[in-house]
$ cat coords_14.txt   # compact mmCIF, C-alpha atoms
# COMPACT_ATOMS: atom_id res chain seq x y z
CA MET A 214 70.17 -100.98 32.14
CA THR A 215 71.87 -103.68 30.13
CA MET A 216 73.12 -106.59 32.23
CA ARG A 217 76.81 -106.04 32.88
CA GLN A 218 79.38 -108.48 31.55
CA SER A 219 81.81 -110.16 33.91
CA PHE A 220 84.58 -112.71 33.68
CA THR A 221 86.96 -114.19 36.23
CA ALA A 222 90.22 -115.46 34.78
CA VAL A 223 92.55 -117.74 36.72
CA ILE A 224 95.88 -116.22 35.80
CA GLU A 225 97.94 -118.65 37.91
CA ARG A 226 96.65 -121.91 39.32
CA ASN A 227 98.46 -123.90 41.99
CA ALA A 228 101.67 -122.20 40.90
CA THR A 229 104.76 -122.14 43.07
CA LEU A 230 106.41 -118.74 42.69
CA ALA A 231 109.93 -117.84 43.81
CA GLY A 232 112.23 -114.91 43.14
CA GLU A 233 111.09 -112.43 40.51
CA PHE A 234 108.14 -113.22 38.26
CA THR A 235 105.60 -111.75 35.87
CA THR A 236 102.22 -113.24 35.10
CA GLU A 237 100.98 -113.89 31.57
CA PRO A 238 99.48 -110.86 29.79
CA TYR A 239 95.68 -110.66 29.95
CA GLU A 240 93.47 -108.57 27.67
CA ALA A 241 90.67 -106.75 29.42
CA ALA A 242 89.92 -103.62 27.40
CA TRP A 243 86.19 -104.40 27.60
CA ALA A 244 86.20 -104.19 31.41
CA ARG A 245 85.53 -101.08 33.45
CA GLU A 246 86.49 -102.77 36.70
CA ALA A 247 89.30 -105.13 37.58
CA ARG A 248 90.24 -106.73 40.86
CA TRP A 249 93.06 -109.10 41.72
CA PHE A 250 92.63 -111.92 44.20
CA VAL A 251 95.58 -113.96 45.45
CA ARG A 252 94.79 -117.11 47.40
CA VAL A 253 97.81 -118.52 49.20
CA LEU A 254 97.81 -122.31 49.31
CA ASP A 255 101.23 -122.79 50.85
CA ALA A 256 104.35 -120.82 51.63
CA THR A 257 107.81 -121.34 53.03
CA ARG A 258 108.45 -119.84 56.45
CA ARG A 259 108.12 -116.04 56.47
CA ALA A 260 107.87 -115.84 52.67
CA ARG A 261 105.97 -112.81 51.36
CA MET A 262 104.97 -111.80 47.87
CA LEU A 263 105.47 -108.16 46.84
CA VAL A 264 103.54 -107.35 43.64
CA ARG A 265 102.70 -104.43 41.40
CA THR A 266 99.96 -104.21 38.80
CA GLN A 267 101.40 -103.54 35.36
CA ILE A 268 99.65 -102.20 32.27
CA SER A 269 100.46 -102.18 28.58
CA PRO A 270 99.18 -100.68 25.34
CA ASP A 271 100.03 -103.80 23.31
CA GLY A 272 100.72 -106.74 25.59
CA LEU A 273 104.44 -106.43 24.86
CA HIS A 274 105.68 -103.31 26.65
CA TRP A 275 104.78 -102.72 30.29
CA CYS A 276 104.83 -100.09 33.00
CA ASP A 277 103.54 -99.94 36.56
CA LEU A 278 99.98 -98.79 37.21
CA ASP A 279 99.55 -95.94 39.67
CA GLY A 280 103.24 -95.20 39.92
CA GLY A 281 104.06 -98.64 41.18
CA THR A 282 101.92 -99.10 44.27
CA GLU A 283 103.28 -102.25 45.85
CA GLN A 284 101.00 -104.82 47.44
CA SER A 285 102.30 -107.10 50.14
CA VAL A 286 100.81 -110.57 50.12
CA ASP A 287 101.79 -111.91 53.51
CA PRO A 288 100.51 -115.44 54.17
CA GLY A 289 100.72 -114.64 57.89
CA GLU A 290 97.87 -112.17 57.42
CA GLY A 291 95.52 -114.77 55.98
CA PRO A 292 95.07 -116.90 52.89
CA LEU A 293 93.16 -114.46 50.66
CA HIS A 294 94.33 -111.05 49.50
CA SER A 295 92.73 -108.58 47.10
CA TRP A 296 93.16 -105.16 45.58
CA PRO A 297 91.62 -103.27 42.65
CA ALA A 298 93.15 -101.96 39.43
CA ALA A 299 91.44 -98.88 37.99
CA GLU A 300 91.77 -97.07 34.63
CA PHE A 301 94.14 -99.68 33.33
CA GLY A 302 93.61 -99.41 29.58
CA GLY A 303 93.65 -102.73 27.75
CA TRP A 304 96.12 -105.17 29.31
CA LEU A 305 96.95 -106.32 32.82
CA ARG A 306 99.59 -108.43 34.51
CA LEU A 307 101.42 -108.63 37.82
CA ARG A 308 105.11 -108.16 38.35
CA GLY A 309 106.38 -109.34 41.67
CA THR A 310 108.99 -110.94 43.80
CA VAL A 311 108.87 -113.47 46.58
CA VAL A 312 110.97 -112.33 49.50
CA ASP A 313 111.99 -113.84 52.80
CA ASP A 314 112.11 -111.86 56.00
CA PRO A 315 115.46 -111.91 57.80
CA ASP A 316 116.46 -115.19 59.33
CA ASP A 317 115.78 -115.82 62.95
CA PRO A 318 119.06 -117.09 64.39
CA ASP A 319 117.26 -118.39 67.48
CA ASP A 320 114.88 -120.58 65.46
CA PRO A 321 116.40 -123.99 64.71
CA ASP A 322 113.56 -124.70 62.22
CA ASP A 323 114.48 -121.71 60.10
CA PRO A 324 117.38 -122.66 57.82
CA ALA A 325 119.00 -119.55 56.44
CA ASP A 326 119.44 -120.90 52.93
CA ALA A 327 115.89 -122.16 52.29
CA PRO A 328 114.60 -120.39 49.15
CA ALA A 329 111.42 -118.43 49.77
CA SER A 330 108.39 -119.52 47.74
CA VAL A 331 104.62 -119.22 47.77
CA LYS A 332 102.04 -121.50 46.18
CA VAL A 333 99.10 -119.49 44.94
CA LEU A 334 96.02 -119.06 42.84
CA ILE A 335 95.84 -115.65 41.16
CA TYR A 336 92.42 -114.54 39.96
CA LEU A 337 91.56 -111.50 37.86
CA ALA A 338 87.88 -110.56 38.33
CA LEU A 339 86.62 -108.27 35.55
CA LYS A 340 83.33 -106.41 35.08
CA SER A 341 82.07 -104.14 32.33
CA MET B 64 57.56 -107.62 -9.24
CA THR B 65 57.49 -109.96 -6.28
CA THR B 66 60.44 -111.33 -4.41
CA ALA B 67 60.55 -114.98 -3.44
CA PRO B 68 60.86 -115.56 0.30
CA HIS B 69 64.38 -116.21 1.51
CA PRO B 70 65.01 -119.97 1.60
CA ASP B 71 66.09 -119.75 5.23
CA PRO B 72 64.66 -116.69 6.99
CA ARG B 73 67.18 -117.11 9.83
CA LEU B 74 69.86 -115.98 7.43
CA LEU B 75 68.26 -112.57 6.97
CA ASP B 76 70.12 -111.71 10.17
CA PRO B 77 73.57 -110.51 9.06
CA LYS B 78 75.16 -112.13 12.10
CA LEU B 79 73.84 -115.52 10.96
CA ALA B 80 74.08 -114.97 7.22
CA LYS B 81 77.81 -115.69 7.20
CA PHE B 82 77.07 -119.23 8.45
CA SER B 83 75.35 -122.22 6.83
CA PRO B 84 73.57 -123.84 9.77
CA LEU B 85 71.86 -127.20 9.86
CA ARG B 86 68.18 -127.34 10.85
CA ARG B 87 68.55 -126.57 14.57
CA ILE B 88 70.94 -123.88 15.80
CA LEU B 89 72.23 -124.98 19.20
CA VAL B 90 74.76 -122.23 19.76
CA HIS B 91 75.56 -118.85 18.22
CA ASP B 92 78.46 -117.24 20.05
CA ASP B 93 79.29 -113.69 19.02
CA PHE B 94 82.22 -112.82 21.25
CA THR B 95 81.51 -109.13 21.18
CA THR B 96 78.68 -110.03 23.58
CA GLY B 97 80.65 -112.21 26.01
CA THR B 98 82.35 -115.57 26.28
CA HIS B 99 79.14 -117.61 25.85
CA GLY B 100 80.31 -120.51 27.99
CA TRP B 101 83.74 -120.93 26.44
CA THR B 102 86.03 -121.58 29.37
CA GLU B 103 89.42 -122.99 30.21
CA LEU B 104 89.72 -126.77 30.12
CA ILE B 105 91.19 -128.36 33.24
CA GLY B 106 91.80 -131.95 34.28
CA ASN B 107 89.85 -133.48 37.15
CA HIS B 108 90.65 -132.92 40.84
CA ASP B 109 89.77 -134.87 43.97
CA GLN B 110 86.97 -134.42 46.53
CA HIS B 111 89.03 -131.87 48.49
CA GLY B 112 89.56 -129.59 45.52
CA ASP B 113 93.25 -130.41 45.81
CA LEU B 114 94.77 -129.03 42.62
CA ASP B 115 97.84 -131.24 43.12
CA THR B 116 95.60 -134.11 41.94
CA VAL B 117 95.09 -132.50 38.51
CA ASP B 118 97.18 -134.10 35.77
CA ALA B 119 100.20 -131.87 35.13
CA HIS B 120 99.58 -131.77 31.38
CA MET B 121 95.97 -130.63 31.94
CA SER B 122 96.60 -128.07 34.67
CA ASP B 123 97.51 -124.92 32.75
CA PHE B 124 95.46 -124.45 29.58
CA ARG B 125 95.11 -120.69 30.21
CA PRO B 126 91.93 -118.62 30.55
CA PRO B 127 90.38 -117.45 27.27
CA GLN B 128 90.42 -113.70 26.67
CA LEU B 129 87.96 -111.32 25.06
CA SER B 130 90.46 -109.67 22.76
CA SER B 131 90.13 -106.50 20.73
CA CYS B 132 93.01 -107.84 18.62
CA THR B 133 95.25 -104.96 19.66
CA PHE B 134 98.83 -104.78 18.39
CA PHE B 135 101.89 -102.59 18.87
CA ASP B 136 101.87 -101.14 15.37
CA VAL B 137 98.24 -100.35 14.52
CA GLY B 138 96.55 -100.46 17.90
CA THR B 139 93.13 -102.08 17.83
CA HIS B 140 92.48 -104.31 14.84
CA GLY B 141 89.09 -105.46 16.08
CA ALA B 142 87.19 -108.61 15.26
CA MET B 143 85.25 -109.59 12.15
CA SER B 144 81.98 -108.73 13.88
CA GLY B 145 82.23 -105.92 16.41
CA THR B 146 85.27 -105.27 18.55
CA TYR B 147 85.97 -108.51 20.42
CA ALA B 148 87.11 -112.01 19.53
CA LEU B 149 87.75 -114.97 21.80
CA LYS B 150 91.51 -115.38 22.12
CA VAL B 151 93.17 -118.59 23.27
CA ALA B 152 96.82 -118.03 24.13
CA THR B 153 99.75 -120.25 24.99
CA ARG B 154 102.57 -119.44 27.30
CA PRO B 155 105.90 -118.69 25.57
CA VAL B 156 107.08 -122.23 26.24
CA ALA B 157 107.65 -124.83 23.52
CA GLY B 158 104.96 -127.47 23.76
CA HIS B 159 102.57 -125.37 25.79
CA THR B 160 98.91 -125.62 24.77
CA GLY B 161 96.00 -123.25 25.36
CA VAL B 162 92.53 -124.81 25.36
CA ALA B 163 89.02 -123.37 25.54
CA ILE B 164 86.00 -125.65 25.77
CA ARG B 165 82.21 -125.37 25.22
CA ARG B 166 80.08 -127.88 27.15
CA LEU B 167 76.75 -129.16 25.83
CA THR B 168 74.76 -132.38 25.80
CA MET B 169 72.91 -134.11 22.94
CA SER B 170 69.12 -134.24 22.64
CA GLY B 171 69.30 -136.43 19.56
CA ARG B 172 71.65 -138.19 17.20
CA GLY B 173 72.72 -137.18 13.73
CA ARG B 174 74.82 -134.61 12.00
CA VAL B 175 76.36 -131.85 14.09
CA GLN B 176 78.14 -128.92 12.47
CA PHE B 177 80.70 -126.58 14.02
CA GLU B 178 81.28 -123.30 12.19
CA THR B 179 83.60 -120.48 13.09
CA TYR B 180 85.57 -117.58 11.67
CA LEU B 181 89.12 -117.84 13.00
CA ALA B 182 92.57 -116.33 12.76
CA TYR B 183 95.90 -117.57 14.12
CA LYS B 184 99.02 -115.63 15.05
CA ALA B 185 102.38 -115.93 16.75
CA GLU B 186 103.24 -113.10 19.13
CA ALA B 187 105.04 -110.10 17.70
CA ALA B 188 108.60 -109.63 18.90
CA SER B 189 109.75 -107.44 21.75
CA ALA B 190 112.96 -107.06 23.68
CA GLU B 191 111.31 -108.81 26.61
CA ASN B 192 109.89 -111.83 24.76
CA GLY B 193 112.86 -112.38 22.46
CA ALA B 194 110.64 -113.73 19.66
CA ALA B 195 112.87 -112.27 16.94
CA THR B 196 115.62 -114.73 17.82
CA ALA B 197 113.51 -117.64 19.09
CA ALA B 198 113.61 -121.01 17.35
CA GLY B 199 111.54 -121.32 14.20
CA GLY B 200 111.92 -117.79 13.00
CA GLY B 201 112.89 -117.67 9.35
CA ARG B 202 114.45 -114.85 7.36
CA TRP B 203 112.42 -111.70 6.76
CA ASP B 204 112.06 -110.87 3.05
CA ALA B 205 109.28 -108.26 3.28
CA ASN B 206 106.75 -110.88 2.18
CA ASN B 207 107.21 -113.90 4.38
CA HIS B 208 107.66 -113.00 8.04
CA PRO B 209 109.71 -115.08 10.50
CA SER B 210 106.83 -115.25 12.94
CA GLU B 211 104.69 -117.36 10.59
CA GLN B 212 107.06 -120.27 11.21
CA GLN B 213 106.73 -119.71 14.93
CA PHE B 214 103.08 -120.74 14.88
CA GLY B 215 102.67 -124.44 15.67
CA ALA B 216 99.15 -125.81 15.33
CA PHE B 217 95.51 -125.23 16.12
CA THR B 218 92.94 -127.92 16.78
CA VAL B 219 89.16 -128.20 16.81
CA ALA B 220 87.83 -131.29 18.54
CA THR B 221 84.97 -132.92 20.40
CA ASP B 222 84.45 -134.98 23.51
CA ILE B 223 81.32 -137.07 23.02
CA CYS B 224 79.76 -139.92 24.99
CA ASP B 225 76.65 -141.90 24.06
CA GLY B 226 77.69 -144.85 26.22
CA VAL B 227 80.80 -145.06 24.08
CA ARG B 228 83.17 -142.12 24.51
CA TYR B 229 85.10 -140.74 21.56
CA HIS B 230 86.78 -137.63 20.18
CA ASN B 231 86.52 -136.27 16.66
CA VAL B 232 89.67 -134.22 16.05
CA VAL B 233 90.96 -131.97 13.29
CA ARG B 234 94.30 -130.19 13.61
CA TYR B 235 95.94 -127.68 11.31
CA GLN B 236 99.66 -128.21 11.65
CA ASN B 237 101.26 -125.03 10.42
CA THR B 238 104.76 -126.18 11.29
CA ASP B 239 106.08 -129.47 12.60
CA LEU B 240 108.09 -129.86 15.78
CA ASP B 241 111.24 -128.91 13.85
CA HIS B 242 109.56 -125.66 12.66
CA ARG B 243 109.27 -126.82 9.05
CA VAL B 244 106.23 -125.49 7.22
CA ARG B 245 103.63 -128.24 6.80
CA HIS B 246 100.25 -126.51 6.30
CA ARG B 247 98.48 -129.86 6.68
CA TRP B 248 95.35 -131.26 8.32
CA MET B 249 95.87 -134.07 10.81
CA TYR B 250 93.99 -136.45 13.07
CA PRO B 251 95.09 -138.70 15.94
CA THR B 252 94.84 -142.47 15.68
CA VAL B 253 94.41 -142.92 19.44
CA PRO B 254 91.92 -141.48 21.95
CA GLU B 255 93.06 -138.72 24.29
CA PRO B 256 94.67 -139.85 27.58
CA THR B 257 92.18 -139.25 30.39
CA PRO B 258 92.53 -138.30 34.07
CA ARG B 259 91.12 -141.72 34.98
CA GLU B 260 93.88 -143.45 33.03
CA HIS B 261 96.37 -141.34 34.99
CA PHE B 262 94.56 -142.19 38.24
CA GLU B 263 94.81 -145.88 37.35
CA GLY B 264 98.55 -145.50 36.71
CA LYS B 265 98.31 -146.12 32.98
CA VAL B 266 99.71 -142.78 31.87
CA ARG B 267 101.71 -139.96 33.37
CA LEU B 268 102.51 -137.08 31.07
CA ALA B 269 104.81 -134.10 31.29
CA ARG B 270 103.43 -130.60 31.70
CA THR B 271 103.89 -129.71 28.03
CA ALA B 272 102.77 -133.06 26.61
CA ASP B 273 100.32 -132.86 23.71
CA PHE B 274 97.17 -133.75 25.64
CA THR B 275 95.13 -134.68 22.53
CA ALA B 276 97.60 -137.42 21.54
CA PRO B 277 101.06 -137.11 23.13
CA ASP B 278 103.05 -139.28 20.70
CA PRO B 279 103.73 -137.47 17.38
CA ALA B 280 103.76 -140.89 15.72
CA ASP B 281 100.05 -141.21 16.51
CA TRP B 282 99.11 -138.34 14.16
CA ARG B 283 98.26 -138.78 10.48
CA GLN B 284 97.67 -136.35 7.67
CA PHE B 285 94.37 -136.39 5.84
CA SER B 286 93.48 -134.74 2.55
CA ALA B 287 95.84 -132.37 0.76
CA PRO B 288 97.86 -129.62 2.44
CA GLN B 289 96.18 -126.23 2.46
CA ASP B 290 97.78 -122.80 2.57
CA LEU B 291 95.95 -120.29 4.76
CA CYS B 292 96.27 -116.53 5.06
CA PHE B 293 98.65 -115.67 7.90
CA ASN B 294 99.14 -112.40 6.00
CA GLU B 295 102.86 -111.80 6.26
CA VAL B 296 103.19 -110.22 9.71
CA PRO B 297 102.01 -111.10 13.22
CA THR B 298 99.73 -108.07 13.48
CA LYS B 299 97.35 -108.52 10.53
CA VAL B 300 94.24 -110.54 11.25
CA ASN B 301 92.39 -112.21 8.37
CA TRP B 302 89.35 -114.28 9.29
CA HIS B 303 89.01 -117.79 7.88
CA TYR B 304 85.74 -119.67 7.55
CA LEU B 305 85.79 -123.18 9.04
CA ARG B 306 82.86 -125.58 8.82
CA TRP B 307 83.21 -129.08 10.24
CA VAL B 308 80.54 -131.74 10.11
CA ILE B 309 80.46 -134.89 12.24
CA ASP B 310 77.77 -137.55 12.64
CA THR B 311 76.92 -138.62 16.16
CA ALA B 312 74.60 -141.38 14.89
CA THR B 313 77.58 -143.19 13.38
CA ARG B 314 80.35 -141.69 15.63
CA SER B 315 82.13 -140.51 12.52
CA ASN B 316 83.58 -137.54 10.69
CA VAL B 317 81.85 -136.21 7.58
CA GLU B 318 83.70 -133.24 6.09
CA LEU B 319 85.77 -130.17 6.84
CA GLN B 320 85.43 -126.98 4.85
CA VAL B 321 88.04 -124.26 5.31
CA ASN B 322 87.43 -121.27 3.08
CA ASP B 323 87.04 -122.58 -0.47
CA VAL B 324 88.31 -126.12 0.13
CA VAL B 325 86.13 -129.02 1.30
CA HIS B 326 88.04 -131.97 2.74
CA ASP B 327 86.19 -135.29 2.68
CA MET B 328 86.60 -136.80 6.13
CA SER B 329 84.35 -139.83 5.73
CA ASP B 330 87.38 -142.13 5.87
CA VAL B 331 89.08 -140.32 8.76
CA PRO B 332 88.71 -142.63 11.77
CA VAL B 333 87.40 -141.60 15.18
CA PRO B 334 89.11 -143.80 17.78
CA PRO B 335 86.74 -144.70 20.65
CA TYR B 336 87.72 -145.57 24.21
CA ASP B 337 87.64 -149.27 25.01
CA GLU B 338 86.43 -148.56 28.54
CA GLU B 339 83.10 -147.10 29.61
CA TYR B 340 82.88 -143.75 31.39
CA GLY B 341 80.13 -142.83 33.85
CA SER B 342 78.65 -139.37 34.44
CA LEU B 343 78.93 -138.43 30.76
CA GLN B 344 75.69 -139.57 29.11
CA ASN B 345 74.99 -137.49 25.99
CA LEU B 346 78.16 -135.44 26.53
CA LEU B 347 78.74 -133.04 23.63
CA ASN B 348 81.81 -130.85 24.12
CA PHE B 349 83.70 -128.86 21.54
CA TYR B 350 87.17 -127.54 22.28
CA VAL B 351 89.65 -125.41 20.40
CA SER B 352 93.34 -125.48 21.20
CA VAL B 353 96.51 -123.77 20.11
CA ARG B 354 99.94 -125.29 20.56
CA THR B 355 103.30 -123.61 20.20
CA HIS B 356 106.40 -125.48 19.06
CA THR B 357 108.81 -122.77 20.18
CA ASP B 358 109.26 -120.35 23.08
CA VAL B 359 106.88 -117.81 21.53
CA ARG B 360 103.24 -117.28 22.50
CA ASN B 361 100.78 -118.57 19.91
CA PHE B 362 97.22 -117.25 19.63
CA LEU B 363 94.01 -118.58 18.17
CA TYR B 364 91.24 -116.01 17.66
CA LEU B 365 87.59 -116.88 17.10
CA ASP B 366 85.31 -114.11 15.89
CA SER B 367 82.16 -116.13 16.42
CA VAL B 368 80.95 -119.73 16.56
CA LEU B 369 77.79 -121.43 15.39
CA ILE B 370 76.95 -125.03 16.27
CA SER B 371 73.93 -126.63 14.64
CA ALA B 372 72.39 -130.10 14.39
CA ASP B 373 69.97 -131.92 12.15
CA TRP B 374 67.99 -133.50 14.98

$ encode --input "coords_14.txt" --output "structure tokens"
Amino acid sequence: MTMRQSFTAVIERNATLAGEFTTEPYEAAWAREARWFVRVLDATRRARMLVRTQISPDGLHWCDLDGGTEQSVDPGEGPLHSWPAAEFGGWLRLRGTVVDDPDDPDDPDDPADAPASVKVLIYLALKS
Amino acid sequence: MTTAPHPDPRLLDPKLAKFSPLRRILVHDDFTTGTHGWTELIGNHDQHGDLDTVDAHMSDFRPPQLSSCTFFDVGTHGAMSGTYALKVATRPVAGHTGVAIRRLTMSGRGRVQFETYLAYKAEAASAENGAATAAGGGRWDANNHPSEQQFGAFTVATDICDGVRYHNVVRYQNTDLDHRVRHRWMYPTVPEPTPREHFEGKVRLARTADFTAPDPADWRQFSAPQDLCFNEVPTKVNWHYLRWVIDTATRSNVELQVNDVVHDMSDVPVPPYDEEYGSLQNLLNFYVSVRTHTDVRNFLYLDSVLISADW
């Protein structure tokens, strides 16, 4: 068996994400397997990232993979999160939003108007 | 009838025959078989791996991609050899630079030659990316395409240290910062700002600063302008031969050949650092970069690379 090719791309590095976002397009037509890793470095209180894997035939026009299965990246559940992307064609990216859970009126350290953000590394691990 | 032996039997291999290597082949990177050590350049970080300590202008040079050169109109274009090329891509942000680097060391001194087959493109337009109305786009006349003026520059350069650290640099400036067509070869008159200079408080650059030489006034043209083959639209890929010779014995440039034009570079200076750098003895790095001057992604594609030396 020929040795399999692999490549891990850092799609976002030390990036602070807020509101809606998309990651840069990444070409991976050579890969049979793809897996996202999100490592949370920092986050505002109760911020969560909701993301969907998107695919494209040309790197310009995008739709959700798998009917839009949404992943929740909740820093409260640990710093590292991962999920696979299968049968994706040639291009991959993430579309997501950073959301804030409802304010806790009893928590004086939880200002209602603080914008939710997460600081992350996003890896795309590919294998032929 | 007898046939004389080939003058260089290495070149009987079709994958090598399109190159003109010096005596010792150090590297032959055919990107249909992987990335061959080409990786994203990043500035230095501290002992904790704290990425906040990376210089902002060296923190986001983007991961290289193994690209099948696939476009919206024709699908897969493919590379010159096989299906895949190494693609270096910018973000769609004016001033953003994508950089891929190949890290070696020197086992001798003398001439070193970098050869590649390359293509350069600006991203085709879509409703989402807005390239059709982004700055730099000219008028479409069914020959010249607006996107050609949305490609900024590509650069091939070294990072070398033999006790003295220096960079040989060649840049093809397709358009200047005001999107005017230039089609000229350039070099910087100053060495690249380093993370140590930042650490020492000597420089602090913005995220989209030109990391090779941030002040446009520090760049000079050499030789005559040269038209290349963008080929009218952003989805046609024509491969250009580039052969660049430097001399590490004299820390100098020798010549640059791009397709049928040879540019004498013997008078093109290579500015050294005044200060010494540790941990870099015999450093021999090559990097390629692509820089956009407008809010449109720019791409540099390499079909394959061959680096050879005469030591």

$ interface_residues --input "coords_14.txt" --of "chain A" --to "chain B" --cutoff "8 Å" --atoms "all atoms listed in the file" --output "list of chain:residue names"
A:Gln218, A:Ala222, A:Val223, A:Ile224, A:Arg226, A:Asn227, A:Glu237, A:Tyr239, A:Glu240, A:Ala241, A:Ala242, A:Trp243, A:Pro270, A:Asp271, A:Gly272, A:Leu273, A:His274

$ closest_residue --input "coords_14.txt" --among "A:Gln267, A:Thr257, A:Ser285, A:Thr236" --to "Glu300 (chain A)" --atoms "all atoms listed in the file"
A:Gln267

$ residues_around --input "coords_14.txt" --residues "Leu79 (chain B)" --least-positions-apart "6" --cutoff "9 Å" --atoms "all atoms listed in the file" --output "list of chain:residue names"
B:Arg73, B:His91, B:Leu369

$ residues_around --input "coords_14.txt" --residues "Pro297 (chain B)" --least-positions-apart "4" --cutoff "8 Å" --atoms "only C-alpha atoms" --output "number ranges by chain"
B: 184-187, 208, 210-211, 293

$ closest_residue --input "coords_14.txt" --among "B:Val331, B:Phe94, B:Val162, B:Tyr340" --to "Gly145 (chain B)" --atoms "all atoms listed in the file"
B:Phe94

$ closest_residue --input "coords_14.txt" --among "A:Pro315, A:Gly291, A:Pro297, A:Gly303" --to "Leu254 (chain A)" --atoms "only C-alpha atoms"
A:Gly291

$ residues_around --input "coords_14.txt" --residues "His294 (chain A)" --least-positions-apart "6" --cutoff "8 Å" --atoms "all atoms listed in the file" --output "ChimeraX atom specification"
/A:250-252,286

$ closest_residue --input "coords_14.txt" --among "B:Ile223, B:Ala163, B:Ala312, B:Ala67" --to "Asn345 (chain B)" --atoms "all atoms listed in the file"
B:Ile223

$ atom_distance --input "coords_14.txt" --atom1 "CA of Asp118 (chain B)" --atom2 "CA of Val232 (chain B)"
21.1 Å

$ residues_around --input "coords_14.txt" --residues "Gly289 (chain A)" --least-positions-apart "3" --cutoff "12 Å" --atoms "only C-alpha atoms" --output "number ranges by chain"
A: 253-262, 285-286, 292-294, 314, 331

$ residues_around --input "coords_14.txt" --residues "Ser286 (chain B)" --least-positions-apart "4" --cutoff "9 Å" --atoms "all atoms listed in the file" --output "list in words"
Arg247, Trp248, Met249, His326, Asp327 and Met328 of chain B

$ closest_residue --input "coords_14.txt" --among "A:Ala231, A:Val311, A:Leu334, A:Ala244" --to "Ser295 (chain A)" --atoms "all atoms listed in the file"
A:Leu334

$ atom_distance --input "coords_14.txt" --atom1 "CA of Asp337 (chain B)" --atom2 "CA of Val233 (chain B)"
21.2 Å

$ atom_distance --input "coords_14.txt" --atom1 "CA of Asp225 (chain B)" --atom2 "CA of Phe82 (chain B)"
27.5 Å

$ closest_residue --input "coords_14.txt" --among "A:Ser269, A:Gln284, A:Thr229, A:Ser219" --to "Glu246 (chain A)" --atoms "all atoms listed in the file"
A:Ser219

$ axis_aligned_box --input "coords_14.txt" --around "region 277-291 of chain A" --padding-each-side "3 Å" --output "JSON"
{"center_x": 99.8, "center_y": -105.3, "center_z": 47.2, "size_x": 14.5, "size_y": 26.2, "size_z": 27.3}
